[in-house]
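Shown next, in C-alpha cells, is the structure this report addresses.
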Amino acid sequence: MVVGQPDTPISLFLMVNTFETGGSERQFTVLAQNLAPPQFQVHVGCINRRGPLAHNFPDAPEFPLGGSLYRWQSLRARLNLSRHLRRHQVQVAHAFDFYANLTLIPAAKLARVPVIIGSHRQLGDLMTRAQFRAQSAAFRWCDAVVCNSQAAADRLLASGLSPDKIAVIGNALPAEVFTLSPAVLPKLRGVVRVGMVARMNHRYKNHSGFLRIAAEIHKHMPNVEFVLVGDGPLRQELEREAASLGLGASTIFLGDRQDMPGVLASLDVAVNTSNSESLSNVVLEAMAAGLPAVAYEVGGNSELLSPHRGALIAPGNETAFADAVQKLLADSALRHELGRNARRFAQENFSLDKVRQRYVQLYVTLLQKKRPGNSAA
C-alpha cells in the first residue's frame with residue numbers, strides 16, 4: 001500500500017471507554033499522542049473520563065451511557081456523538097474497545113463518517129454471548145476491525161466476519177520502554193527476582209496461580225523474591241494468600257507504578273499467568289526490557305514467545321510453569337541470551353514507528369477507497 005500525503009489533515013476521531021491503565025487504554029493513549037499534523041487532525045472522546053491516563057486528555061468530551069447500552073441516555077449519547085462527529089467533519093472514526101465499539105460505530109454510521117473502524121483487542125471469552133453478538137452485529141457496519149493478535153482475529157473469522165474487514169496490528173511500544181533504566185529495587189547479592197505485572201481487579205489474571213507457583217519455587221530456591229506490580233480490589237486478599245503460603249518475607253507488593261522501565265530493570269524473569277490474553281502488553285514490555293518471559297499458551301502469547309525468547313506452558317500446568325521459571329533463575333547465561341532475543345524481536349515487530357505506520361496505512365488506504373474516483377489521498 002502506498003501512503004499518500006493529503007493536502008489537508010485527515011480528521012481522525014479516536015474513542016475509548018475510560019482512561020484506566022489497561023492495555024486498550026494505554027494503546028489508545030500511545031496512538032492518540034503520536035498521530036499528528038500535517039497528516040492528521042486528531043480528536044478524542046470517551047464514555048467516562050475516569051482513570052490515571054485522563055490527564056493526557058483533559059478536554060476529551062464524554063458521551064456517558066448511563067449504565068446501559070440500550071436505555072434512553074445511551075441513545076442520547078450516540079445522537080450527541082453523531083452531532084460531534086459532523087461538527088468536526090470527521091473522516092475516520094476508530095473505536096478502541098467494547099463499549100466504544102457499541103457507541104461510536106452506530107453514531108459514526110448516522111453521521112455518515114466515510115471510514116468507520118472497530119477494535120477487537122481480546123479473545124472474546126470474557127464477554128457474555130449477548131455482548132459478543134451485539135459487537136459482531138456492530139462490526140458488520142465497519143470498514144475494518146483492528147485486532148491486536150491473530151488469535152483475536154481468528155475468533156472473529158470463526159464468528160463469520162469477512163476476512164476482508166480484519167486488520168491485525170500489534171501493540172505499539174514507545175521508545176522509552178526500550179531505554180535501559182536504573183533498577184528501582186536495589187540488586188541484592190545472591191537474590192533473584194520474578195515479577196508479575198497485572199491489575200488486581202479480575203480473577204482471570206490469575207494472581208493466585210502465580211502465588212502457588214511462587215510457593216513451589218520457594219521450596220527449592222529460597223533466595224528468590226516475588227514482585228507483584230498492580231493494584232485493585234483483590235490486593236488485600238492476595239496479600240493474605242501470600243502470607244498463608246509462607247511467602248510473606250519473599251513477596252513484594254509494589255502497587256501501581258508509573259516507572260515501569262525501572263521496575264522491569266529490577267527483575268530477572270517476567271511471568272504472565274493470565275488465563276486469557278490477546279496480545280499482552282506486559283509480556284511485550286518485559287521483552288523490550290530484555291527479560292525472558294514465561295506465560296501460559298493462551299491467545300496471542302504464542303505470537304510473542306518461543307523457546308528462543310522465553311517459555312510457553314500448557315494452560316493450568318503450574319508444576320511445569322514453576323520448573324520453567326526455576327530453569328531460567330538457575331542459569332544467568334540462558335536468561336541473558338533469551339532476553340537479548342526477546343528485546344530484538346520486540347524492536348523489529350512492535351516499535352512505535354512500525355506500528356504507527358501500519359495504522360497510517362490502514363486509515364489512508366480505507367479513506368482513498370471512499371473518495372470519488374478513488375483518487376490519491
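By convention here, the chains of the C-alpha cells are called A, B, ... in the order presented, each chain's residues are numbered starting at 1, and ligands are numbered starting at 1 in the order presented.
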
Task: Which of stretch 224-304 of chain A DSSP labels alpha helix (DSSP H), written as a list in words - done: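 Listing alpha helix (DSSP H) positions across stretch 224-304 of chain A yields Arg235, Gln236, Glu237, Leu238, Glu239, Arg240, Glu241, Ala242, Ala243, Ser244, Met260, Pro261, Gly262, Val263, Leu264, Asn281, Val282, Val283, Leu284, Glu285, Ala286, Met287 and Ala288 of chain A.
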
TODO: From a DSSP calculation on the backbone, collect every residue of stretch 138-363 of chain A in strand (DSSP E or B) and output the set as an MDAnalysis selection string.
DONE: chainID A and resid 144:147 166:168 173 192:197 224:230 251:255 269:272 293:296 310:313 351

Kindly export the residues of the current selection with N, CA, C and O atoms, as a short mmCIF file (atom, residue, chain, number, x, y, z; two decimals), in the first residue's frame.
data_model
loop_
_atom_site.label_atom_id
_atom_site.label_comp_id
_atom_site.auth_asym_id
_atom_site.auth_seq_id
_atom_site.Cartn_x
_atom_site.Cartn_y
_atom_site.Cartn_z
N ALA A 144 -13.42 -1.69 8.68
CA ALA A 144 -12.34 -2.57 9.15
C ALA A 144 -12.50 -2.76 10.65
O ALA A 144 -13.08 -1.93 11.35
N VAL A 145 -11.96 -3.87 11.13
CA VAL A 145 -11.87 -4.14 12.57
C VAL A 145 -10.42 -4.46 12.87
O VAL A 145 -9.85 -5.38 12.28
N VAL A 146 -9.82 -3.69 13.76
CA VAL A 146 -8.42 -3.92 14.13
C VAL A 146 -8.36 -4.94 15.26
O VAL A 146 -9.01 -4.78 16.30
N CYS A 147 -7.60 -5.99 15.04
CA CYS A 147 -7.30 -6.98 16.08
C CYS A 147 -5.82 -6.86 16.42
O CYS A 147 -4.99 -6.69 15.52
N ILE A 166 -10.79 -7.51 8.37
CA ILE A 166 -9.93 -7.68 9.53
C ILE A 166 -8.52 -7.18 9.24
O ILE A 166 -7.92 -7.53 8.22
N ALA A 167 -8.01 -6.35 10.14
CA ALA A 167 -6.63 -5.88 10.08
C ALA A 167 -5.95 -6.25 11.39
O ALA A 167 -6.43 -5.88 12.47
N VAL A 168 -4.86 -7.00 11.32
CA VAL A 168 -4.11 -7.38 12.51
C VAL A 168 -2.95 -6.41 12.68
O VAL A 168 -2.05 -6.37 11.85
N LEU A 173 5.01 -0.19 21.06
CA LEU A 173 5.89 0.05 22.20
C LEU A 173 6.62 1.38 22.01
O LEU A 173 7.44 1.50 21.09
N VAL A 192 17.54 -13.30 43.33
CA VAL A 192 16.96 -13.13 42.00
C VAL A 192 15.47 -12.86 42.16
O VAL A 192 14.85 -13.26 43.15
N ARG A 193 14.90 -12.19 41.15
CA ARG A 193 13.50 -11.75 41.29
C ARG A 193 12.66 -12.19 40.09
O ARG A 193 13.09 -12.10 38.95
N VAL A 194 11.46 -12.61 40.42
CA VAL A 194 10.43 -12.96 39.43
C VAL A 194 9.29 -11.96 39.60
O VAL A 194 8.85 -11.71 40.72
N GLY A 195 8.84 -11.38 38.49
CA GLY A 195 7.80 -10.36 38.60
C GLY A 195 6.59 -10.63 37.75
O GLY A 195 6.68 -11.16 36.63
N MET A 196 5.43 -10.26 38.30
CA MET A 196 4.16 -10.31 37.56
C MET A 196 3.53 -8.92 37.60
O MET A 196 3.40 -8.32 38.67
N VAL A 197 3.16 -8.40 36.44
CA VAL A 197 2.52 -7.10 36.32
C VAL A 197 1.09 -7.29 35.85
O VAL A 197 0.86 -7.81 34.75
N VAL A 224 14.79 -16.46 46.13
CA VAL A 224 14.00 -15.76 45.12
C VAL A 224 13.01 -14.81 45.78
O VAL A 224 12.34 -15.17 46.75
N GLU A 225 12.93 -13.59 45.24
CA GLU A 225 11.88 -12.64 45.64
C GLU A 225 10.84 -12.57 44.53
O GLU A 225 11.17 -12.61 43.34
N PHE A 226 9.58 -12.45 44.94
CA PHE A 226 8.46 -12.41 44.01
C PHE A 226 7.81 -11.03 44.08
O PHE A 226 7.38 -10.60 45.14
N VAL A 227 7.76 -10.36 42.93
CA VAL A 227 7.31 -8.98 42.88
C VAL A 227 5.97 -8.92 42.14
O VAL A 227 5.86 -9.42 41.01
N LEU A 228 4.97 -8.34 42.77
CA LEU A 228 3.67 -8.15 42.14
C LEU A 228 3.45 -6.66 41.94
O LEU A 228 3.47 -5.88 42.90
N VAL A 229 3.24 -6.26 40.69
CA VAL A 229 3.03 -4.86 40.33
C VAL A 229 1.59 -4.68 39.88
O VAL A 229 1.11 -5.40 39.00
N GLY A 230 0.90 -3.75 40.50
CA GLY A 230 -0.50 -3.51 40.19
C GLY A 230 -1.30 -3.35 41.46
O GLY A 230 -0.81 -3.65 42.56
N THR A 251 7.76 -11.86 49.26
CA THR A 251 6.85 -11.25 48.29
C THR A 251 6.82 -9.74 48.49
O THR A 251 6.69 -9.25 49.61
N ILE A 252 6.91 -9.01 47.38
CA ILE A 252 6.88 -7.55 47.40
C ILE A 252 5.68 -7.10 46.57
O ILE A 252 5.58 -7.39 45.38
N PHE A 253 4.75 -6.38 47.21
CA PHE A 253 3.61 -5.80 46.51
C PHE A 253 3.94 -4.32 46.24
O PHE A 253 4.02 -3.52 47.18
N LEU A 254 4.14 -3.97 44.99
CA LEU A 254 4.57 -2.62 44.65
C LEU A 254 3.42 -1.67 44.36
O LEU A 254 3.65 -0.46 44.30
N GLY A 255 2.21 -2.18 44.15
CA GLY A 255 1.11 -1.31 43.79
C GLY A 255 1.25 -0.82 42.37
O GLY A 255 2.08 -1.29 41.59
N VAL A 269 13.26 -12.40 35.76
CA VAL A 269 12.32 -13.15 34.92
C VAL A 269 10.95 -12.52 35.06
O VAL A 269 10.53 -12.16 36.18
N ALA A 270 10.24 -12.36 33.95
CA ALA A 270 8.86 -11.87 33.97
C ALA A 270 7.91 -13.04 33.72
O ALA A 270 8.23 -13.95 32.94
N VAL A 271 6.76 -13.02 34.38
CA VAL A 271 5.77 -14.08 34.16
C VAL A 271 4.40 -13.47 33.91
O VAL A 271 4.11 -12.34 34.32
N ASN A 272 3.58 -14.23 33.22
CA ASN A 272 2.19 -13.86 32.98
C ASN A 272 1.37 -15.13 33.14
O ASN A 272 1.45 -16.04 32.30
N ALA A 293 10.49 -14.22 29.38
CA ALA A 293 9.16 -14.30 30.00
C ALA A 293 8.65 -15.73 29.94
O ALA A 293 8.95 -16.49 29.01
N VAL A 294 7.85 -16.09 30.94
CA VAL A 294 7.17 -17.38 30.99
C VAL A 294 5.68 -17.10 31.07
O VAL A 294 5.24 -16.26 31.89
N ALA A 295 4.89 -17.75 30.22
CA ALA A 295 3.45 -17.49 30.20
C ALA A 295 2.72 -18.76 29.77
O ALA A 295 3.31 -19.67 29.18
N TYR A 296 1.43 -18.79 30.08
CA TYR A 296 0.60 -19.89 29.59
C TYR A 296 0.34 -19.71 28.10
O TYR A 296 0.25 -18.59 27.59
N GLY A 310 11.77 -17.21 25.65
CA GLY A 310 11.14 -17.47 26.94
C GLY A 310 10.56 -18.86 26.96
O GLY A 310 11.14 -19.80 26.40
N ALA A 311 9.40 -19.00 27.58
CA ALA A 311 8.78 -20.33 27.67
C ALA A 311 7.27 -20.21 27.65
O ALA A 311 6.70 -19.31 28.29
N LEU A 312 6.63 -21.12 26.91
CA LEU A 312 5.17 -21.24 26.89
C LEU A 312 4.79 -22.54 27.59
O LEU A 312 5.37 -23.59 27.31
N ILE A 313 3.81 -22.44 28.48
CA ILE A 313 3.40 -23.58 29.30
C ILE A 313 1.94 -23.92 29.02
O ILE A 313 1.11 -23.02 28.85
N SER A 351 7.85 -1.78 17.59
CA SER A 351 8.26 -0.41 17.90
C SER A 351 7.16 0.55 17.48
O SER A 351 6.37 0.27 16.55
#

Task: A:His336 environment, 9 Å, only C-alpha atoms, sequence neighbours closer than 4 positions dropped, as JSON, numbers by chain - done: {"A": [290, 291, 292, 331, 332, 340, 341]}

Could those residues be written to a file, using N, CA, C and O atoms, as an mmCIF file, in the first residue's frame?
data_model
loop_
_atom_site.group_PDB
_atom_site.id
_atom_site.type_symbol
_atom_site.label_atom_id
_atom_site.label_comp_id
_atom_site.auth_asym_id
_atom_site.auth_seq_id
_atom_site.Cartn_x
_atom_site.Cartn_y
_atom_site.Cartn_z
ATOM 1 N N GLY A 290 14.430 -6.563 27.812
ATOM 2 C CA GLY A 290 15.456 -7.597 27.763
ATOM 3 C C GLY A 290 15.273 -8.709 28.762
ATOM 4 O O GLY A 290 16.243 -9.361 29.163
ATOM 5 N N LEU A 291 14.017 -8.970 29.163
ATOM 6 C CA LEU A 291 13.727 -10.042 30.111
ATOM 7 C C LEU A 291 13.143 -11.257 29.404
ATOM 8 O O LEU A 291 12.271 -11.105 28.535
ATOM 9 N N PRO A 292 13.565 -12.451 29.777
ATOM 10 C CA PRO A 292 12.840 -13.634 29.307
ATOM 11 C C PRO A 292 11.516 -13.713 30.058
ATOM 12 O O PRO A 292 11.424 -13.300 31.222
ATOM 13 N N ASP A 331 20.147 -20.206 35.632
ATOM 14 C CA ASP A 331 21.106 -20.092 34.530
ATOM 15 C C ASP A 331 21.118 -18.655 34.013
ATOM 16 O O ASP A 331 20.325 -18.287 33.137
ATOM 17 N N SER A 332 22.030 -17.844 34.534
ATOM 18 C CA SER A 332 22.070 -16.432 34.153
ATOM 19 C C SER A 332 22.432 -16.260 32.679
ATOM 20 O O SER A 332 21.929 -15.353 32.001
ATOM 21 N N ARG A 340 18.053 -11.039 25.296
ATOM 22 C CA ARG A 340 18.521 -10.314 24.110
ATOM 23 C C ARG A 340 17.660 -10.642 22.894
ATOM 24 O O ARG A 340 17.292 -9.755 22.111
ATOM 25 N N ASN A 341 17.337 -11.920 22.737
ATOM 26 C CA ASN A 341 16.472 -12.319 21.616
ATOM 27 C C ASN A 341 15.097 -11.663 21.718
ATOM 28 O O ASN A 341 14.523 -11.223 20.706
#

Open item on the list: Neighbouring residues of A:Arg212 were defined as those with any atom within 10 Å, considering only C-alpha atoms; residues of the same chain fewer than 2 positions away were excluded. Please report them as a list in words.
Closed with: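 Using only C-alpha atoms, the neighbours found are His207, Ser208, Gly209, Phe210, Ala214, Ala215, Glu216, Ile217, His218, Glu241, Ala242, Leu245, Leu247, Glu318, Thr319 and Ala322 of chain A.
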
TODO: Go through A:Leu123, A:Leu110, A:Glu285, A:Glu277 and flag the residue nearest A:Asp154, using only C-alpha atoms for the distances.
DONE: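 Residue with the minimum atom-to-atom distance to A:Asp154: A:Leu123.
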
TODO: May I ask which of the residues A:Gly45, A:Gly190, A:Gly124, A:Pro182 is the closest one to A:Ala158, counting only C-alpha atoms?
DONE: A:Gly124

TODO: Show which residues sit within 7 Å of A:Gly170, as a list of chain:residue names. Count only C-alpha atoms, and ignore same-chain residues fewer than 5 positions away.
DONE: A:Asn148, A:Ser149, A:Phe350, A:Val355

- [ ] Return the single residue from A:Thr103, A:Ala175, A:Lys327, A:Val298 that is closest to A:Asn34, with distances computed using only C-alpha atoms.
- [x] A:Ala175

Could you name the residues that touch A:Pro174 at 8 Å or less, counting only C-alpha atoms, but leaving out those on the same chain fewer than 3 positions away, as a PDB file with N, CA, C and O atoms, in the first residue's frame?
ATOM      1  N   VAL A  30      -1.125   5.949  23.444  1.00  0.00           N
ATOM      2  CA  VAL A  30       0.079   5.995  22.603  1.00  0.00           C
ATOM      3  C   VAL A  30      -0.269   6.463  21.198  1.00  0.00           C
ATOM      4  O   VAL A  30       0.409   7.325  20.623  1.00  0.00           O
ATOM      5  N   VAL A 177      10.253   2.458  26.529  1.00  0.00           N
ATOM      6  CA  VAL A 177      10.271   1.118  27.123  1.00  0.00           C
ATOM      7  C   VAL A 177      11.524   0.343  26.712  1.00  0.00           C
ATOM      8  O   VAL A 177      11.847  -0.675  27.322  1.00  0.00           O
ATOM      9  N   PHE A 178      12.207   0.820  25.670  1.00  0.00           N
ATOM     10  CA  PHE A 178      13.460   0.180  25.267  1.00  0.00           C
ATOM     11  C   PHE A 178      14.674   0.804  25.958  1.00  0.00           C
ATOM     12  O   PHE A 178      15.790   0.325  25.799  1.00  0.00           O
ATOM     13  N   SER A 351       7.855  -1.784  17.585  1.00  0.00           N
ATOM     14  CA  SER A 351       8.263  -0.414  17.899  1.00  0.00           C
ATOM     15  C   SER A 351       7.155   0.549  17.476  1.00  0.00           C
ATOM     16  O   SER A 351       6.374   0.268  16.546  1.00  0.00           O
ATOM     17  N   LEU A 352       7.080   1.678  18.153  1.00  0.00           N
ATOM     18  CA  LEU A 352       6.032   2.652  17.869  1.00  0.00           C
ATOM     19  C   LEU A 352       6.044   3.081  16.407  1.00  0.00           C
ATOM     20  O   LEU A 352       4.987   3.178  15.768  1.00  0.00           O
TER      21      LEU A 352
END
